[in-house]
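Colleague: Structure incoming, see below.
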Amino acid sequence: MSGVIYQKLLAVFLLCGLPSASVIAEFHDTKKILFINSYHAGYEWSDGIEKGLETGLKGKQVELEKFYMDTKRNREPEAIKTAAEMARQKIETLKPDIVITADDNAAKHVIAPHYKDSVIPFVFTGVNWDASVYGFPYANVTGMEEVSLIKSLMDNLSRYSRGNRKGLISIDAISGKRNVDNFEKELGYSFDKVYYVKTFDEWKQRYQDLQTQVDVLILENPKGITGWDNDKGKEFIEANTRIPTGTTHVWLAPYAAVTIAKIPEEQGMWAAETAMAILAGKTPSEIPIVKNQQGRLYLNLKLGNAIEVVFDYSMIKNAEIIK
Amino acid sequence: MKLQAKINIFVIAILLLLAIPVAVSGYLIINDIVFELYHERYASKLKSMSYEIEEAYETLESAGIIELKAYQEGAKKSVLTKLRQYELEESVYLTVVDENFKVISADGPIDKQAPPEVIEVVEQTSAGEGWLKLAGVRYYAFFNQTKYWDWRLILLVDNNVLVSKQYEYLFQVSLISIVVFLVIYFISTSVAKTYSDRVSLIQGYLQKMAQGNHALRLPQTSMHDEISLISEEINDLIHQIELNTEEIESNKRNLEKRIAERTADLVKTQEYLKIFVSYAPGALAMFDRDMRYIVVSQRWLKDYRRIGADVIGMSHYEVFPDQPQRFKEVHKRALSGESIAVSEDSFARKDGSLQWIRWEVHPWYEKDGVIGGVIIFSEDITQIKLLEEEKISHLLQGKEIAEKANETKSRFLANMSHELRTPMHAILSFTNLARKRVDDEKAINFLEKIHTSGVRLTNMLNDLLDLSKLEAGKLVPDFREHDFIAVVKASIDEIHSLLKDKNISVRMEYDAALPSCFDKKLITQVIVNILSNAIKFSPENSSIDISIWNERIWETEMLVFSVTDQGIGIPRDELKDVFDSFVQSTKTRSDSGGTGLGLPISKEIIELHHGDIWAESPPRGKVVGTAFIFQIPLTRNCSGNNKP
């Protein structure tokens, strides 16, 4: 008890006697931050990053300028090139103290070709899986890679599975296969059974097969599967699920028993914190590239009941319940 | 007792006086505080635990799985685990019981079923807390019933914990108080010692300085407080004293030098004075109050036949034992402060001759105003006196001769005038007769010239006669009361023809009628004379101003008559002379044609009236002309002494 009192007294003395030099020295004038969004305002993922960034910069003596490349709606190489050039011109005109980018296109078409080792520091966010494909890190570039939370998902599902066999079903497309490669390559996580499907019927068939072939099933993005029907897919899953299923895609939460989705705000918050550290004197090379870690938990109780799983109260307490 | 000791005692007394009530009230307050703290802490913890249960229930409810027993059991298990993880002090126990007081989770003295003592307190105490005793140990119980699942949470706090905490707090407060006491004491004594030492230091320095060691200076410190200021002020003061002492010494040396110089000057001056007095051309002697000689001139010794005698220090009455009593009286009066001077005095010498002296006796004063003695000055005027008597005798003889000559002259003039007037009347009368009988123009002309010259000669003779009468005192004025204004007007009428000849106007201003005593004939003569002169020297077509007024001069009311012309004027240096006999102004002499006797006669007449007459040229306030003014006493009653 006395120790606590003395600690408090010491804290009071320190607070009174040492005016925070760091606070005083932090900024003498308003710094300019340029946020280059690869997509457009209204795109849920990058909006989340932007929201996290704004939250992280709230109350700081900075001026945030935004530029949208809009390459989600304009995917043609020429359009992307034009958007990248406009972003570059924006940087040259604004002369920001730091640039924060969201998603791959900004990193690939703006940072990599124009600003390698330049005097302007860059913080990227939302670069999928591996930023080294763009040559990052540079002396003036650091950031947060966007990876799937598959490992965390599997850890949770394994609490309710009967065995250790892991299966995955995904669209038979490059994106689907790349994800599986990344699970293995980036996360060192492998599956016992993986099916790539092209049609809804094929998907249903493989889903049923996996109920007996593995103990835990991961659902990857079914969009692009020919004949996919959300409602029918939901009905099918509710009727045919026997083992714990999970996904890392938030829009698949109604189709899986457990969903652990990435949180875009984490990317934005980290970018804001990193930008402030750089503005305070750190160099980007002193800050290592990191991966996202936070996830949002969704529990589908119907599917839980269907597979006779009683989720822990601790999970229920922290999850978004899908009834 | 020293200042520091007093301050120490004062500080200890204050701290002790503060310590007793602080200790007593501290003990009481700490008891309350400890109990209150525990109350707050455990009541609050119990509330948090209840919230945990409520939250779990409501989470399941909102998830729609509250009816699922598996989820309820999982939640209860999870909650109980959480409750057990709450940080509680040693000898503080949490027990969870169901609605039948069957233990769900237990820690401490309660096992499977809550004992009656616990049930009694929980059921009968609405405040949610109370004392109870289990197995001889006293506990303070906090308890509540949960909103869901009908659980009761019971916290038992061992009384020993409360007591030990009280002692712990008391010990800490006491320790802190003692530390604070000691810190205050040491700070106070240290500060007091610092100031006391500094004051002692100043005192020591001041004592040394008082003993004359002015070269010392109080050491200065970096502290800027009152004592430092006092030290600085003392140093400044000492510096000033040093400067003043040096200045005083310098002034003293200068003063001594000046005194020596002045003393030498004084001695020299005294010598000079002695020499001066000694060789003074007069008889001079200075005496003290006892009439002893202080200084005396050689002339004194010579005049009083004491050449060669050393009289300094001797009494005047020893030197002159036969001093007349009247001189002794004079000396006494002078010693009383009176200055006495006699311009002529005499006394008989031993040889019987008379010695004339002029003497003065004055008191002299000391610096404090007391009479120090007398100074006697005397001058032997015997020779002067004899010369004066001889001169007066000669003057009286001369005067007598002159008076006789003047009388003879006046008589001669009167006789001559009278004797000349008789043939002149004959000449004038026969000239008139001759003019009437002669027809020859030339002869008439000659006769008229003879007649005119005769008239002029007669006038001259009349004037001479008048003047001689006046000078001889033979003219006795006939003082009567007349109206002066009327006399003036009549005089103007008398000379009317002269005014008309030159077309001269007369402006007259006067006070109201001025009756006075005067000789009408004589005053008329004066007025006519003045007016005639004015007309004579005024240019044609000019004017003459007459002013008459009365004026008080000293105690006498005077009648003033003034005639101002616009003529050629009289030089200033000749203004006085025009009243002398046979004198005329250089400006008017050539063409006046007068005898030069009119104004002297006028002067004699006015003086006969005890008045004055004078001329101003130019008159006051004017640039040309001449003013003749006379004034006579304005006497209205002609009887007795009222005559002018």
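Letters for chains follow the order of the structure tokens (A, B, ...), residue numbers begin at 1 for each chain, and ligand numbers begin at 1 in the order shown.
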Using only C-alpha atoms, what does the table of chain A residues within 7 Å of chain B look like, with each row giving the shortest atom pair and its distance in Å to one decimal, sorted by chain and ascending number, as a Markdown table?
Modeller:
```
| residue | atom | partner | partner_atom | distance |
| --- | --- | --- | --- | --- |
| A:Val310 | CA | B:Tyr71 | CA | 6.5 |
| A:Asp312 | CA | B:Gly74 | CA | 6.6 |
| A:Tyr313 | CA | B:Ala75 | CA | 5.1 |
| A:Lys317 | CA | B:Thr59 | CA | 6.4 |
| A:Ile321 | CA | B:Ala63 | CA | 6.3 |
```
Colleague: Taking the chain letters and numbering used in this document, name the residues of region 87-217 of chain A that DSSP puts in strand (DSSP E or B), as a count of residues only.
Modeller: 32
Colleague: Env of region 10-23 of chain B: 12 Å cut, atoms = only C-alpha atoms, seq-sep filter 6 positions within chain, self excluded. Answer as JSON, numbers by chain.
Modeller: {"B": [3, 4, 29, 30, 170, 171, 173, 174, 175, 176, 177, 178, 180, 181, 182, 183, 184, 185, 186, 187, 188, 189, 190, 191, 192]}
Colleague: Export N, CA and C atoms of the chosen residues as a PDB file, in the first residue's frame?
Modeller:
```pdb
ATOM      1  N   LEU B   3      19.070  34.982  19.297  1.00  0.00           N
ATOM      2  CA  LEU B   3      17.932  34.959  18.384  1.00  0.00           C
ATOM      3  C   LEU B   3      17.645  33.548  17.898  1.00  0.00           C
ATOM      4  N   GLN B   4      18.727  32.844  17.563  1.00  0.00           N
ATOM      5  CA  GLN B   4      18.557  31.490  17.005  1.00  0.00           C
ATOM      6  C   GLN B   4      17.880  30.567  18.020  1.00  0.00           C
ATOM      7  N   ILE B  29      -9.671  10.382  12.672  1.00  0.00           N
ATOM      8  CA  ILE B  29     -10.009  10.502  11.247  1.00  0.00           C
ATOM      9  C   ILE B  29      -9.565   9.265  10.483  1.00  0.00           C
ATOM     10  N   ILE B  30      -8.383   8.770  10.839  1.00  0.00           N
ATOM     11  CA  ILE B  30      -7.869   7.578  10.133  1.00  0.00           C
ATOM     12  C   ILE B  30      -8.787   6.384  10.345  1.00  0.00           C
ATOM     13  N   LEU B 170      -2.081   4.512  10.472  1.00  0.00           N
ATOM     14  CA  LEU B 170      -1.669   5.371  11.575  1.00  0.00           C
ATOM     15  C   LEU B 170      -0.157   5.481  11.637  1.00  0.00           C
ATOM     16  N   PHE B 171       0.461   4.321  11.432  1.00  0.00           N
ATOM     17  CA  PHE B 171       1.925   4.316  11.457  1.00  0.00           C
ATOM     18  C   PHE B 171       2.488   5.203  10.333  1.00  0.00           C
ATOM     19  N   VAL B 173       0.980   7.640   8.797  1.00  0.00           N
ATOM     20  CA  VAL B 173       0.711   9.069   9.046  1.00  0.00           C
ATOM     21  C   VAL B 173       1.664   9.608  10.100  1.00  0.00           C
ATOM     22  N   SER B 174       1.861   8.785  11.144  1.00  0.00           N
ATOM     23  CA  SER B 174       2.776   9.210  12.219  1.00  0.00           C
ATOM     24  C   SER B 174       4.178   9.394  11.675  1.00  0.00           C
ATOM     25  N   LEU B 175       4.579   8.422  10.858  1.00  0.00           N
ATOM     26  CA  LEU B 175       5.921   8.488  10.290  1.00  0.00           C
ATOM     27  C   LEU B 175       6.080   9.758   9.431  1.00  0.00           C
ATOM     28  N   ILE B 176       5.074   9.963   8.612  1.00  0.00           N
ATOM     29  CA  ILE B 176       5.132  11.150   7.742  1.00  0.00           C
ATOM     30  C   ILE B 176       5.131  12.423   8.587  1.00  0.00           C
ATOM     31  N   SER B 177       4.279  12.403   9.658  1.00  0.00           N
ATOM     32  CA  SER B 177       4.209  13.589  10.526  1.00  0.00           C
ATOM     33  C   SER B 177       5.557  13.864  11.163  1.00  0.00           C
ATOM     34  N   ILE B 178       6.180  12.784  11.644  1.00  0.00           N
ATOM     35  CA  ILE B 178       7.487  12.973  12.298  1.00  0.00           C
ATOM     36  C   ILE B 178       8.512  13.492  11.289  1.00  0.00           C
ATOM     37  N   VAL B 180       7.863  15.136   8.587  1.00  0.00           N
ATOM     38  CA  VAL B 180       7.524  16.536   8.288  1.00  0.00           C
ATOM     39  C   VAL B 180       7.970  17.439   9.423  1.00  0.00           C
ATOM     40  N   PHE B 181       7.700  16.945  10.681  1.00  0.00           N
ATOM     41  CA  PHE B 181       8.119  17.695  11.871  1.00  0.00           C
ATOM     42  C   PHE B 181       9.625  17.969  11.825  1.00  0.00           C
ATOM     43  N   LEU B 182      10.368  16.890  11.579  1.00  0.00           N
ATOM     44  CA  LEU B 182      11.832  17.027  11.577  1.00  0.00           C
ATOM     45  C   LEU B 182      12.300  17.932  10.430  1.00  0.00           C
ATOM     46  N   VAL B 183      11.669  17.722   9.281  1.00  0.00           N
ATOM     47  CA  VAL B 183      12.061  18.555   8.125  1.00  0.00           C
ATOM     48  C   VAL B 183      11.804  20.012   8.431  1.00  0.00           C
ATOM     49  N   ILE B 184      10.575  20.289   8.962  1.00  0.00           N
ATOM     50  CA  ILE B 184      10.241  21.684   9.290  1.00  0.00           C
ATOM     51  C   ILE B 184      11.220  22.223  10.325  1.00  0.00           C
ATOM     52  N   TYR B 185      11.492  21.332  11.346  1.00  0.00           N
ATOM     53  CA  TYR B 185      12.384  21.779  12.411  1.00  0.00           C
ATOM     54  C   TYR B 185      13.775  22.102  11.844  1.00  0.00           C
ATOM     55  N   PHE B 186      14.276  21.178  11.038  1.00  0.00           N
ATOM     56  CA  PHE B 186      15.633  21.400  10.519  1.00  0.00           C
ATOM     57  C   PHE B 186      15.683  22.576   9.553  1.00  0.00           C
ATOM     58  N   ILE B 187      14.637  22.682   8.732  1.00  0.00           N
ATOM     59  CA  ILE B 187      14.604  23.829   7.811  1.00  0.00           C
ATOM     60  C   ILE B 187      14.549  25.139   8.612  1.00  0.00           C
ATOM     61  N   SER B 188      13.647  25.139   9.634  1.00  0.00           N
ATOM     62  CA  SER B 188      13.479  26.354  10.445  1.00  0.00           C
ATOM     63  C   SER B 188      14.770  26.726  11.149  1.00  0.00           C
ATOM     64  N   THR B 189      15.365  25.683  11.807  1.00  0.00           N
ATOM     65  CA  THR B 189      16.586  25.979  12.562  1.00  0.00           C
ATOM     66  C   THR B 189      17.716  26.374  11.615  1.00  0.00           C
ATOM     67  N   SER B 190      17.740  25.695  10.458  1.00  0.00           N
ATOM     68  CA  SER B 190      18.786  26.014   9.490  1.00  0.00           C
ATOM     69  C   SER B 190      18.640  27.444   8.984  1.00  0.00           C
ATOM     70  N   VAL B 191      17.382  27.789   8.635  1.00  0.00           N
ATOM     71  CA  VAL B 191      17.136  29.153   8.160  1.00  0.00           C
ATOM     72  C   VAL B 191      17.443  30.151   9.272  1.00  0.00           C
ATOM     73  N   ALA B 192      16.949  29.811  10.493  1.00  0.00           N
ATOM     74  CA  ALA B 192      17.170  30.720  11.623  1.00  0.00           C
ATOM     75  C   ALA B 192      18.660  30.882  11.888  1.00  0.00           C
TER      76      ALA B 192
END
```
Colleague: Under the rule that only C-alpha atoms are counted, which of B:Ala490, B:Leu132, B:Ile632, B:Leu162 is the nearest residue to Asp519 (chain B)?
Modeller: B:Ile632
Colleague: As a short mmCIF file (atom, residue, chain, number, x, y, z; two decimals) with N, CA and C atoms, in the first residue's frame, please: every residue in region 37-235 of chain A that DSSP puts in helix (DSSP H, G or I).
Modeller:
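Contents of out23.cif, as written:
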```cif
data_model
loop_
_atom_site.label_atom_id
_atom_site.label_comp_id
_atom_site.auth_asym_id
_atom_site.auth_seq_id
_atom_site.Cartn_x
_atom_site.Cartn_y
_atom_site.Cartn_z
N GLU A 44 -15.66 0.01 -49.03
CA GLU A 44 -15.72 -0.29 -47.60
C GLU A 44 -14.35 -0.49 -46.96
N TRP A 45 -13.50 -1.29 -47.62
CA TRP A 45 -12.20 -1.61 -47.04
C TRP A 45 -11.32 -0.36 -46.87
N SER A 46 -11.16 0.37 -47.99
CA SER A 46 -10.27 1.53 -47.89
C SER A 46 -10.90 2.67 -47.08
N ASP A 47 -12.24 2.70 -47.05
CA ASP A 47 -12.90 3.67 -46.15
C ASP A 47 -12.53 3.38 -44.69
N GLY A 48 -12.44 2.06 -44.39
CA GLY A 48 -12.06 1.66 -43.03
C GLY A 48 -10.65 2.12 -42.69
N ILE A 49 -9.76 1.96 -43.66
CA ILE A 49 -8.38 2.42 -43.43
C ILE A 49 -8.37 3.92 -43.18
N GLU A 50 -9.13 4.63 -44.02
CA GLU A 50 -9.20 6.10 -43.91
C GLU A 50 -9.77 6.51 -42.55
N LYS A 51 -10.79 5.78 -42.13
CA LYS A 51 -11.42 6.08 -40.83
C LYS A 51 -10.41 5.89 -39.69
N GLY A 52 -9.67 4.75 -39.76
CA GLY A 52 -8.64 4.50 -38.75
C GLY A 52 -7.58 5.58 -38.76
N LEU A 53 -7.22 6.02 -39.97
CA LEU A 53 -6.20 7.06 -40.08
C LEU A 53 -6.68 8.37 -39.44
N GLU A 54 -7.91 8.73 -39.75
CA GLU A 54 -8.46 9.97 -39.18
C GLU A 54 -8.56 9.89 -37.67
N THR A 55 -8.95 8.72 -37.18
CA THR A 55 -9.02 8.55 -35.72
C THR A 55 -7.64 8.69 -35.10
N GLY A 56 -6.64 8.08 -35.75
CA GLY A 56 -5.27 8.14 -35.22
C GLY A 56 -4.68 9.54 -35.26
N LEU A 57 -5.11 10.35 -36.21
CA LEU A 57 -4.54 11.70 -36.33
C LEU A 57 -5.35 12.75 -35.59
N PRO A 77 -5.26 -0.46 -67.51
CA PRO A 77 -3.87 -0.03 -67.24
C PRO A 77 -3.66 1.46 -67.50
N GLU A 78 -4.32 1.99 -68.53
CA GLU A 78 -4.13 3.41 -68.84
C GLU A 78 -4.71 4.29 -67.74
N ALA A 79 -5.89 3.86 -67.30
CA ALA A 79 -6.56 4.63 -66.23
C ALA A 79 -5.72 4.62 -64.96
N ILE A 80 -5.16 3.46 -64.67
CA ILE A 80 -4.32 3.34 -63.46
C ILE A 80 -3.08 4.21 -63.60
N LYS A 81 -2.54 4.21 -64.83
CA LYS A 81 -1.33 4.99 -65.08
C LYS A 81 -1.62 6.49 -64.90
N THR A 82 -2.76 6.89 -65.47
CA THR A 82 -3.15 8.30 -65.35
C THR A 82 -3.34 8.68 -63.88
N ALA A 83 -4.06 7.80 -63.17
CA ALA A 83 -4.32 8.08 -61.75
C ALA A 83 -3.01 8.18 -60.96
N ALA A 84 -2.06 7.33 -61.32
CA ALA A 84 -0.76 7.34 -60.62
C ALA A 84 -0.02 8.65 -60.91
N GLU A 85 -0.11 9.09 -62.19
CA GLU A 85 0.57 10.34 -62.55
C GLU A 85 -0.05 11.53 -61.81
N MET A 86 -1.37 11.51 -61.71
CA MET A 86 -2.06 12.59 -60.99
C MET A 86 -1.67 12.59 -59.51
N ALA A 87 -1.53 11.38 -58.96
CA ALA A 87 -1.11 11.27 -57.56
C ALA A 87 0.30 11.85 -57.39
N ARG A 88 1.16 11.55 -58.37
CA ARG A 88 2.53 12.06 -58.30
C ARG A 88 2.54 13.60 -58.36
N GLN A 89 1.70 14.11 -59.31
CA GLN A 89 1.62 15.58 -59.42
C GLN A 89 1.10 16.19 -58.12
N LYS A 90 0.19 15.48 -57.54
CA LYS A 90 -0.36 15.97 -56.25
C LYS A 90 0.74 16.06 -55.20
N ILE A 91 1.59 15.04 -55.19
CA ILE A 91 2.70 15.03 -54.23
C ILE A 91 3.64 16.20 -54.51
N GLU A 92 3.94 16.40 -55.79
CA GLU A 92 4.90 17.46 -56.15
C GLU A 92 4.34 18.85 -55.85
N THR A 93 3.05 18.98 -56.04
CA THR A 93 2.45 20.30 -55.78
C THR A 93 2.28 20.56 -54.29
N LEU A 94 1.78 19.56 -53.63
CA LEU A 94 1.48 19.76 -52.20
C LEU A 94 2.73 19.78 -51.35
N ASP A 104 -2.69 -1.80 -52.83
CA ASP A 104 -1.54 -2.13 -53.69
C ASP A 104 -1.27 -1.13 -54.81
N ASN A 105 -2.33 -0.64 -55.46
CA ASN A 105 -2.10 0.18 -56.64
C ASN A 105 -1.28 1.43 -56.35
N ALA A 106 -1.55 2.06 -55.23
CA ALA A 106 -0.79 3.26 -54.85
C ALA A 106 0.67 2.88 -54.63
N ALA A 107 0.89 1.74 -53.95
CA ALA A 107 2.26 1.31 -53.68
C ALA A 107 2.98 0.94 -54.98
N LYS A 108 2.26 0.23 -55.82
CA LYS A 108 2.85 -0.30 -57.04
C LYS A 108 3.10 0.79 -58.09
N HIS A 109 2.13 1.72 -58.24
CA HIS A 109 2.21 2.67 -59.36
C HIS A 109 2.69 4.06 -58.95
N VAL A 110 2.73 4.32 -57.66
CA VAL A 110 3.18 5.67 -57.24
C VAL A 110 4.51 5.58 -56.49
N ILE A 111 4.54 4.78 -55.40
CA ILE A 111 5.75 4.75 -54.58
C ILE A 111 6.91 4.08 -55.34
N ALA A 112 6.64 2.86 -55.80
CA ALA A 112 7.73 2.06 -56.38
C ALA A 112 8.41 2.74 -57.57
N PRO A 113 7.65 3.25 -58.55
CA PRO A 113 8.36 3.82 -59.72
C PRO A 113 8.93 5.22 -59.49
N HIS A 114 8.43 5.99 -58.55
CA HIS A 114 8.81 7.41 -58.47
C HIS A 114 9.54 7.82 -57.19
N ALA A 131 4.92 -7.07 -49.20
CA ALA A 131 5.27 -5.78 -49.80
C ALA A 131 6.61 -5.85 -50.53
N SER A 132 7.33 -6.91 -50.33
CA SER A 132 8.65 -7.00 -50.95
C SER A 132 8.56 -7.14 -52.48
N VAL A 133 7.35 -7.54 -52.97
CA VAL A 133 7.18 -7.65 -54.42
C VAL A 133 7.40 -6.29 -55.09
N TYR A 134 7.21 -5.20 -54.31
CA TYR A 134 7.45 -3.86 -54.85
C TYR A 134 8.84 -3.35 -54.46
N ILE A 150 -5.91 -16.33 -40.94
CA ILE A 150 -6.26 -17.74 -41.03
C ILE A 150 -5.79 -18.55 -39.83
N LYS A 151 -4.62 -18.19 -39.35
CA LYS A 151 -4.06 -18.98 -38.23
C LYS A 151 -4.90 -18.80 -36.98
N SER A 152 -5.28 -17.55 -36.72
CA SER A 152 -6.10 -17.26 -35.56
C SER A 152 -7.46 -17.97 -35.69
N LEU A 153 -7.98 -17.97 -36.94
CA LEU A 153 -9.26 -18.63 -37.19
C LEU A 153 -9.15 -20.13 -36.91
N MET A 154 -8.09 -20.71 -37.40
CA MET A 154 -7.91 -22.15 -37.21
C MET A 154 -7.76 -22.51 -35.74
N ASP A 155 -7.05 -21.65 -34.99
CA ASP A 155 -6.87 -21.89 -33.56
C ASP A 155 -8.22 -21.94 -32.85
N ASN A 156 -9.11 -21.04 -33.21
CA ASN A 156 -10.43 -21.02 -32.59
C ASN A 156 -11.27 -22.22 -32.99
N LEU A 157 -11.23 -22.54 -34.30
CA LEU A 157 -12.05 -23.66 -34.77
C LEU A 157 -11.59 -24.99 -34.17
N SER A 158 -10.29 -25.09 -34.00
CA SER A 158 -9.75 -26.36 -33.51
C SER A 158 -10.26 -26.71 -32.10
N ILE A 174 -7.15 -17.78 -60.29
CA ILE A 174 -5.80 -17.42 -59.81
C ILE A 174 -5.85 -16.85 -58.41
N SER A 175 -6.87 -15.99 -58.19
CA SER A 175 -6.94 -15.34 -56.87
C SER A 175 -7.11 -16.37 -55.76
N GLY A 176 -7.98 -17.36 -56.03
CA GLY A 176 -8.21 -18.37 -55.02
C GLY A 176 -6.96 -19.17 -54.73
N LYS A 177 -6.29 -19.55 -55.78
CA LYS A 177 -5.09 -20.36 -55.60
C LYS A 177 -3.97 -19.55 -54.96
N ARG A 178 -3.90 -18.26 -55.33
CA ARG A 178 -2.85 -17.41 -54.75
C ARG A 178 -3.02 -17.32 -53.23
N ASN A 179 -4.29 -17.20 -52.81
CA ASN A 179 -4.55 -17.13 -51.37
C ASN A 179 -4.02 -18.36 -50.64
N VAL A 180 -4.31 -19.52 -51.25
CA VAL A 180 -3.85 -20.77 -50.62
C VAL A 180 -2.32 -20.80 -50.58
N ASP A 181 -1.73 -20.34 -51.72
CA ASP A 181 -0.26 -20.28 -51.74
C ASP A 181 0.27 -19.39 -50.64
N ASN A 182 -0.40 -18.24 -50.50
CA ASN A 182 0.04 -17.29 -49.47
C ASN A 182 -0.10 -17.87 -48.07
N PHE A 183 -1.19 -18.64 -47.83
CA PHE A 183 -1.35 -19.26 -46.51
C PHE A 183 -0.11 -20.10 -46.18
N GLU A 184 0.29 -20.81 -47.20
CA GLU A 184 1.42 -21.71 -46.98
C GLU A 184 2.74 -20.95 -46.94
N LYS A 185 2.87 -20.07 -47.96
CA LYS A 185 4.15 -19.38 -48.12
C LYS A 185 4.38 -18.34 -47.02
N GLU A 186 3.38 -17.49 -46.81
CA GLU A 186 3.56 -16.38 -45.88
C GLU A 186 3.33 -16.78 -44.44
N LEU A 187 2.35 -17.69 -44.27
CA LEU A 187 1.98 -18.03 -42.88
C LEU A 187 2.48 -19.42 -42.47
N PHE A 200 -21.49 -23.72 -58.91
CA PHE A 200 -22.18 -23.83 -57.62
C PHE A 200 -22.42 -25.30 -57.26
N ASP A 201 -22.79 -26.06 -58.25
CA ASP A 201 -23.04 -27.48 -57.98
C ASP A 201 -21.76 -28.18 -57.52
N GLU A 202 -20.69 -27.86 -58.28
CA GLU A 202 -19.41 -28.46 -57.89
C GLU A 202 -19.03 -28.05 -56.45
N TRP A 203 -19.32 -26.79 -56.19
CA TRP A 203 -19.01 -26.28 -54.84
C TRP A 203 -19.78 -27.07 -53.78
N LYS A 204 -21.10 -27.27 -54.05
CA LYS A 204 -21.96 -27.99 -53.09
C LYS A 204 -21.45 -29.41 -52.90
N GLN A 205 -21.06 -30.00 -54.02
CA GLN A 205 -20.58 -31.39 -53.95
C GLN A 205 -19.32 -31.47 -53.07
N ARG A 206 -18.37 -30.58 -53.35
CA ARG A 206 -17.11 -30.61 -52.60
C ARG A 206 -17.31 -30.24 -51.14
N TYR A 207 -18.29 -29.38 -50.90
CA TYR A 207 -18.60 -28.99 -49.51
C TYR A 207 -19.08 -30.20 -48.72
N GLN A 208 -19.94 -30.94 -49.39
CA GLN A 208 -20.46 -32.15 -48.72
C GLN A 208 -19.34 -33.16 -48.50
N ASP A 209 -18.47 -33.28 -49.52
CA ASP A 209 -17.36 -34.23 -49.42
C ASP A 209 -16.46 -33.88 -48.23
N LEU A 210 -16.19 -32.63 -48.12
CA LEU A 210 -15.26 -32.19 -47.06
C LEU A 210 -15.82 -32.42 -45.66
N GLN A 211 -17.14 -32.51 -45.49
CA GLN A 211 -17.74 -32.73 -44.17
C GLN A 211 -17.22 -34.02 -43.54
N THR A 212 -16.82 -34.92 -44.38
CA THR A 212 -16.33 -36.18 -43.85
C THR A 212 -14.81 -36.34 -44.02
N GLN A 213 -14.28 -35.60 -44.98
CA GLN A 213 -12.85 -35.76 -45.28
C GLN A 213 -11.95 -35.01 -44.30
N ASN A 230 -26.75 -16.71 -53.23
CA ASN A 230 -26.53 -16.48 -51.78
C ASN A 230 -27.52 -17.26 -50.92
N ASP A 231 -28.78 -17.09 -51.21
CA ASP A 231 -29.80 -17.72 -50.37
C ASP A 231 -29.72 -19.25 -50.43
N LYS A 232 -29.55 -19.72 -51.67
CA LYS A 232 -29.47 -21.18 -51.80
C LYS A 232 -28.21 -21.72 -51.13
N GLY A 233 -27.17 -20.95 -51.28
CA GLY A 233 -25.91 -21.34 -50.63
C GLY A 233 -26.08 -21.41 -49.13
N LYS A 234 -26.81 -20.43 -48.59
CA LYS A 234 -27.04 -20.38 -47.14
C LYS A 234 -27.87 -21.58 -46.67
N GLU A 235 -28.93 -21.81 -47.42
CA GLU A 235 -29.79 -22.96 -47.07
C GLU A 235 -29.00 -24.27 -47.12
#
```
